[in-house]
Every structure is written in C-alpha cells, then in structure tokens.
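K.L.:
My structure is stored as input.txt, with compact mmCIF, C-alpha atoms.
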# COMPACT_ATOMS: atom_id res chain seq x y z
CA ASP A 1 18.48 -5.57 -9.43
CA GLY A 2 16.06 -2.66 -9.30
CA GLY A 3 13.88 -2.26 -6.27
CA ILE A 4 13.16 -0.68 -2.93
CA THR A 5 15.08 -1.53 0.20
CA GLN A 6 14.12 -0.75 3.77
CA SER A 7 16.29 -1.10 6.82
CA PRO A 8 16.33 -2.35 9.41
CA LYS A 9 13.81 -5.18 9.12
CA TYR A 10 13.13 -5.08 12.86
CA LEU A 11 13.62 -2.09 15.14
CA PHE A 12 13.13 -1.73 18.85
CA ARG A 13 12.79 1.63 20.50
CA LYS A 14 12.53 2.77 24.07
CA GLU A 15 9.85 5.25 24.93
CA GLY A 16 11.02 8.82 24.45
CA GLN A 17 13.55 8.00 21.74
CA ASN A 18 13.51 9.14 18.15
CA VAL A 19 14.29 6.52 15.51
CA THR A 20 14.88 6.79 11.77
CA LEU A 21 13.73 4.22 9.23
CA SER A 22 15.62 4.01 5.96
CA CYS A 23 14.07 3.71 2.49
CA GLU A 24 16.17 3.60 -0.68
CA GLN A 25 15.07 2.98 -4.28
CA ASN A 26 17.03 2.53 -7.49
CA LEU A 27 14.02 2.56 -9.80
CA ASN A 28 14.55 6.19 -10.78
CA HIS A 29 11.08 7.00 -9.43
CA ASP A 30 10.24 10.58 -8.58
CA ALA A 31 7.48 9.89 -6.06
CA MET A 32 7.96 8.14 -2.72
CA TYR A 33 5.56 7.32 0.10
CA TRP A 34 5.50 6.14 3.70
CA TYR A 35 2.64 4.05 5.05
CA ARG A 36 1.82 2.59 8.43
CA GLN A 37 0.03 -0.77 8.82
CA ASP A 38 -1.56 -1.96 12.05
CA PRO A 39 -2.83 -5.53 12.58
CA GLY A 40 -6.01 -6.28 10.67
CA GLN A 41 -6.03 -2.85 9.05
CA GLY A 42 -5.19 -1.42 5.70
CA LEU A 43 -2.31 0.93 5.09
CA ARG A 44 -2.51 4.58 6.14
CA LEU A 45 -0.43 7.27 4.46
CA ILE A 46 2.04 9.14 6.68
CA TYR A 47 3.98 11.34 4.23
CA TYR A 48 4.62 11.45 0.52
CA SER A 49 7.06 13.21 -1.77
CA GLN A 50 6.51 13.89 -5.45
CA ILE A 51 9.98 15.29 -6.11
CA VAL A 52 13.30 15.98 -4.41
CA ASN A 53 13.19 18.65 -1.68
CA ASP A 54 9.41 18.53 -1.53
CA PHE A 55 7.10 16.45 0.65
CA GLN A 56 3.51 16.59 1.87
CA LYS A 57 1.69 15.34 4.96
CA GLY A 58 -0.54 12.34 4.56
CA ASP A 59 -3.46 11.32 6.74
CA ILE A 60 -1.51 10.54 9.93
CA ALA A 61 1.62 12.74 9.87
CA GLU A 62 1.58 13.78 13.55
CA GLY A 63 4.65 12.53 15.39
CA TYR A 64 6.57 11.76 12.19
CA SER A 65 9.04 13.70 10.05
CA VAL A 66 10.70 13.07 6.68
CA SER A 67 13.32 14.50 4.36
CA ARG A 68 13.92 14.15 0.63
CA GLU A 69 17.41 15.41 -0.09
CA LYS A 70 18.12 12.80 -2.75
CA LYS A 71 15.86 11.19 -5.34
CA GLU A 72 16.81 7.72 -4.14
CA SER A 73 16.23 8.22 -0.44
CA PHE A 74 13.21 9.07 1.72
CA PRO A 75 13.98 8.44 5.43
CA LEU A 76 11.21 8.53 8.04
CA THR A 77 11.84 9.65 11.61
CA VAL A 78 9.44 8.44 14.28
CA THR A 79 9.65 11.01 17.05
CA SER A 80 8.84 10.73 20.72
CA ALA A 81 5.69 12.74 19.98
CA GLN A 82 4.16 9.72 18.22
CA LYS A 83 2.04 8.19 20.97
CA ASN A 84 1.55 4.72 19.54
CA PRO A 85 4.45 4.00 17.18
CA THR A 86 4.44 0.20 17.31
CA ALA A 87 3.47 -0.86 13.78
CA PHE A 88 4.69 -2.18 10.45
CA TYR A 89 6.07 0.62 8.24
CA LEU A 90 6.07 0.36 4.47
CA CYS A 91 7.82 2.57 1.95
CA ALA A 92 6.71 2.78 -1.68
CA SER A 93 7.65 4.60 -4.86
CA SER A 94 6.05 5.32 -8.22
CA ILE A 95 6.71 7.02 -11.52
CA ARG A 96 5.53 10.61 -11.57
CA THR A 97 3.77 10.94 -14.91
CA SER A 98 1.88 13.91 -16.20
CA GLY A 99 -0.66 11.67 -17.89
CA GLY A 100 -0.94 9.45 -14.85
CA LEU A 101 -1.72 6.36 -16.87
CA THR A 102 0.84 4.10 -15.24
CA ASP A 103 1.36 4.94 -11.62
CA THR A 104 1.59 1.59 -9.92
CA GLN A 105 3.18 1.88 -6.51
CA TYR A 106 6.04 -0.49 -5.75
CA PHE A 107 6.60 -1.41 -2.13
CA GLY A 108 9.62 -2.24 -0.01
CA PRO A 109 9.72 -5.23 2.38
CA GLY A 110 8.82 -3.15 5.43
CA THR A 111 10.24 -2.36 8.88
CA ARG A 112 8.56 -3.64 12.02
CA LEU A 113 8.96 -1.12 14.84
CA THR A 114 8.31 -2.13 18.41
CA VAL A 115 8.35 0.27 21.34
CA LEU A 116 9.53 -1.35 24.55
CA LYS B 117 -13.83 11.25 2.95
CA GLN B 118 -13.11 8.13 0.93
CA GLU B 119 -13.65 4.84 2.74
CA VAL B 120 -12.74 1.44 1.33
CA THR B 121 -14.26 -1.79 2.66
CA GLN B 122 -13.31 -5.34 1.80
CA ILE B 123 -15.56 -8.35 2.27
CA PRO B 124 -15.03 -10.99 3.50
CA ALA B 125 -12.35 -10.25 6.11
CA ALA B 126 -11.15 -13.84 5.85
CA LEU B 127 -11.80 -16.73 3.49
CA SER B 128 -10.74 -20.37 3.62
CA VAL B 129 -11.29 -22.58 0.59
CA PRO B 130 -10.11 -25.95 -0.72
CA GLU B 131 -7.64 -26.00 -3.55
CA GLY B 132 -9.17 -25.71 -7.03
CA GLU B 133 -12.11 -23.47 -6.16
CA ASN B 134 -12.89 -20.30 -8.06
CA LEU B 135 -13.36 -17.41 -5.67
CA VAL B 136 -14.35 -13.76 -5.54
CA LEU B 137 -13.03 -11.03 -3.26
CA ASN B 138 -15.04 -7.83 -2.93
CA CYS B 139 -14.02 -4.23 -2.51
CA SER B 140 -16.35 -1.25 -2.15
CA PHE B 141 -15.59 2.46 -1.94
CA THR B 142 -17.77 5.39 -0.92
CA ASP B 143 -16.60 8.12 -3.32
CA SER B 144 -16.83 7.22 -7.01
CA ALA B 145 -14.48 10.06 -8.06
CA ILE B 146 -11.46 7.80 -8.24
CA TYR B 147 -8.52 7.92 -10.61
CA ASN B 148 -7.78 4.20 -10.53
CA LEU B 149 -8.02 1.12 -8.33
CA GLN B 150 -5.27 -1.36 -7.52
CA TRP B 151 -5.29 -4.86 -6.10
CA PHE B 152 -2.27 -5.92 -4.05
CA ARG B 153 -1.08 -9.14 -2.49
CA GLN B 154 0.74 -9.20 0.85
CA ASP B 155 2.47 -12.26 2.28
CA PRO B 156 2.88 -12.39 6.09
CA GLY B 157 5.45 -9.88 7.34
CA LYS B 158 6.27 -8.70 3.83
CA GLY B 159 5.65 -5.73 1.59
CA LEU B 160 2.91 -5.43 -1.03
CA THR B 161 3.03 -6.75 -4.57
CA SER B 162 0.83 -5.08 -7.16
CA LEU B 163 -1.44 -7.55 -8.95
CA LEU B 164 -3.69 -5.46 -11.15
CA LEU B 165 -4.37 -1.78 -11.77
CA ILE B 166 -7.64 -0.63 -13.33
CA GLN B 167 -7.95 2.93 -14.60
CA SER B 168 -11.26 4.67 -13.91
CA SER B 169 -12.17 4.46 -17.61
CA GLN B 170 -11.67 0.69 -17.71
CA ARG B 171 -14.06 -2.09 -16.73
CA GLU B 172 -11.64 -4.93 -16.07
CA GLN B 173 -8.07 -6.17 -16.15
CA THR B 174 -6.75 -9.71 -16.40
CA SER B 175 -3.45 -11.31 -15.48
CA GLY B 176 -3.18 -15.08 -15.64
CA ARG B 177 -5.73 -16.61 -13.25
CA LEU B 178 -6.66 -13.19 -11.88
CA ASN B 179 -9.42 -10.96 -13.19
CA ALA B 180 -10.40 -7.66 -11.61
CA SER B 181 -13.50 -5.70 -12.51
CA LEU B 182 -14.48 -2.15 -11.70
CA ASP B 183 -17.95 -0.60 -11.51
CA LYS B 184 -17.17 2.99 -10.63
CA SER B 185 -20.78 4.18 -10.53
CA SER B 186 -21.73 1.64 -7.88
CA GLY B 187 -18.41 1.95 -6.04
CA ARG B 188 -17.42 -1.70 -6.38
CA SER B 189 -14.56 -3.86 -7.55
CA THR B 190 -14.15 -7.61 -7.50
CA LEU B 191 -11.05 -9.76 -7.75
CA TYR B 192 -11.75 -13.16 -9.27
CA ILE B 193 -9.20 -15.94 -8.72
CA ALA B 194 -9.64 -19.00 -10.88
CA ALA B 195 -8.58 -22.50 -9.86
CA SER B 196 -7.09 -21.41 -6.52
CA GLN B 197 -3.84 -22.93 -5.30
CA PRO B 198 -2.18 -23.11 -1.85
CA GLY B 199 0.38 -20.60 -3.12
CA ASP B 200 -2.43 -18.05 -3.46
CA SER B 201 -2.71 -17.91 0.33
CA ALA B 202 -2.02 -14.32 1.37
CA THR B 203 -3.78 -11.09 2.30
CA TYR B 204 -5.35 -9.27 -0.64
CA LEU B 205 -5.73 -5.50 -0.40
CA CYS B 206 -7.54 -3.12 -2.68
CA ALA B 207 -6.69 0.57 -2.85
CA VAL B 208 -8.24 3.49 -4.68
CA ARG B 209 -6.33 6.50 -5.93
CA ARG B 210 -8.11 9.74 -5.24
CA GLY B 211 -9.26 11.88 -8.12
CA THR B 212 -6.09 13.79 -9.03
CA SER B 213 -3.06 12.63 -10.96
CA TYR B 214 -0.86 12.60 -7.89
CA GLY B 215 -3.60 11.59 -5.53
CA LYS B 216 -3.03 9.37 -2.58
CA LEU B 217 -4.09 5.77 -2.12
CA THR B 218 -6.82 4.78 0.31
CA PHE B 219 -6.60 1.13 1.32
CA GLY B 220 -9.16 -1.39 2.47
CA GLN B 221 -8.37 -3.54 5.47
CA GLY B 222 -7.72 -6.61 3.35
CA THR B 223 -9.08 -10.13 2.90
CA ILE B 224 -7.01 -12.95 4.39
CA LEU B 225 -7.17 -15.89 1.98
CA THR B 226 -6.22 -19.43 2.93
CA VAL B 227 -6.26 -22.12 0.26
CA HIS B 228 -5.81 -25.58 1.76
CA PRO B 229 -4.72 -28.69 -0.15
As structure tokens, what does this structure read like?
P.N.:
Amino acid sequence: DGGITQSPKYLFRKEGQNVTLSCEQNLNHDAMYWYRQDPGQGLRLIYYSQIVNDFQKGDIAEGYSVSREKKESFPLTVTSAQKNPTAFYLCASSIRTSGGLTDTQYFGPGTRLTVL
Amino acid sequence: KQEVTQIPAALSVPEGENLVLNCSFTDSAIYNLQWFRQDPGKGLTSLLLIQSSQREQTSGRLNASLDKSSGRSTLYIAASQPGDSATYLCAVRRGTSYGKLTFGQGTILTVHP
C-alpha cells in the first residue's frame, strides 16, 4: 500500500531533551512537509523540502531541524531550544510538478508530542 | 501576510440537513485552495482542490466553490450524515508553483442522528 507513515504515534519528552520524529513515504513524491497543529488552530508550516538534500524554513522553524538524505524520508528533530513543543505534528508529501496543476498534499497520521 | 478564517468554528446539525462551511482569505493571489477533513487525533484527508482559475469542484455530496476576487470559498455538504462528523479545514496555496499552504483554524462539524 502506498502512503505516508509517521512514528511514533505518541512521544513523551523531558524538558531539555532532543527528540526525532520519523516520516516515511512510498508515494515517490519529491516534496515533503512538516506541520505543527495546536488545539483549535490550523496547521502551521515548520519546514519543507522540494527535493533530496534541499529544505527550506517554514513559518515557525525556530527550535526545529530537518534532514532530507533520501527521497522517502524527512525526519524532524525537536530540539531543546523549542520552548513550547507539546503539539500534534503532521508530515505531508506532494508531487513536484512544473505545471503545478495537481499538487494535492497527502498527510500522515501524525505524532502527538508531549513534554513532561 | 495571508490569513485564512473559517466560520463557524463549530456546527451541530441533525442528520439529513444541507450545510455550508465558509472560508475567507485576505490575499487573493492564491494558486489554489484545498478543503481537508480531519478525524479526531488523525491526519488530514484531502476532499477537494480548486485551482485559482476554477469556480467550483464537486465530489459526491460535496461541492466547493471559489470566488478569488472576494477572497471566499464555501464547502457545501448535501444530505449530511453522522459519518460526516469531523473537523473541516481549508488551506490556500500561496502564489507560486511550490508555494506553501496557509490553513484556517477549521470548523468542527457534528451531525447527530
């Protein structure tokens, strides 16, 4: 089955620790994205990557880092510099088309991070 | 800066009603607009995508319209069912091919039997 997987589903972190959230896709999509969702709010973009070995900061990149060494994988590290990391984190991917006519983003099931 | 607002924040209706969810955006220079569905604690599922040159898209009981000049989109759900209960989010893609999505805060829909 093609799709996006995120792990773990739930993650608990102590203050001062870095944690890494996994995102894997087998849709052969070039572009991948990380979003953060807080209760009662829409999604906010953290980082995105249009192609392997390239990524760009989104609207709220401070305290986060990413890598894109493989097309299928786009892990997100939440560092101790992120002051309020408790949230629901969603990964997405899309086809990178020059015409841009079909660029629906497909989302993973999410990881809920709680800082203790 | 693009801002997306969804009204109402929550909606509760009896089964069978036709209903309308609203989405407004401040910058009309969008590339496209998407409507998503999110079940509690889950990821997003894309429902409809409307390109900036289009006026509407339909899928089954769902119809989405786009009025770019006035900065508005509506999602129409016909003959609502309890299984339609979820949060509905709209998102606009900014005006470049690889532009980023800006999301509204969502409308929580409850359809009761």
K.L.:
Kindly determine which residues of chain B lie within 9 Å of chain A, considering all atoms listed in the file, and give the answer as a PyMOL selection string.
P.N.:
chain B and resi 125+147+150+157-162+164-165+167+205-207+212-214+216-222
K.L.:
Please provide as an MDAnalysis selection string all residues within 12 Å of Lys184 of chain B, with the sequence filter that same-chain residues fewer than 2 positions apart are discarded (counting all atoms listed in the file).
P.N.:
chainID B and resid 139:149 166:172 181:182 186:190 208
K.L.:
When you look at Gly176 of chain B with a cut-off of 12 Å (counting all atoms listed in the file), what residues show up, excluding the ones that are within fewer than 4 positions of it in the same chain? I need them as a ChimeraX atom specification.
P.N.:
/B:163-164,180,192-196
K.L.:
To one decimal in Å, tell me the separation between atom CA of Phe152 of chain B and atom CA of Glu72 of chain A.
P.N.:
23.5 Å
K.L.:
Atom CA of Ile224 of chain B to atom CA of Pro85 of chain A: how many Å, to one decimal?
P.N.:
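So the answer is 24.1 Å.
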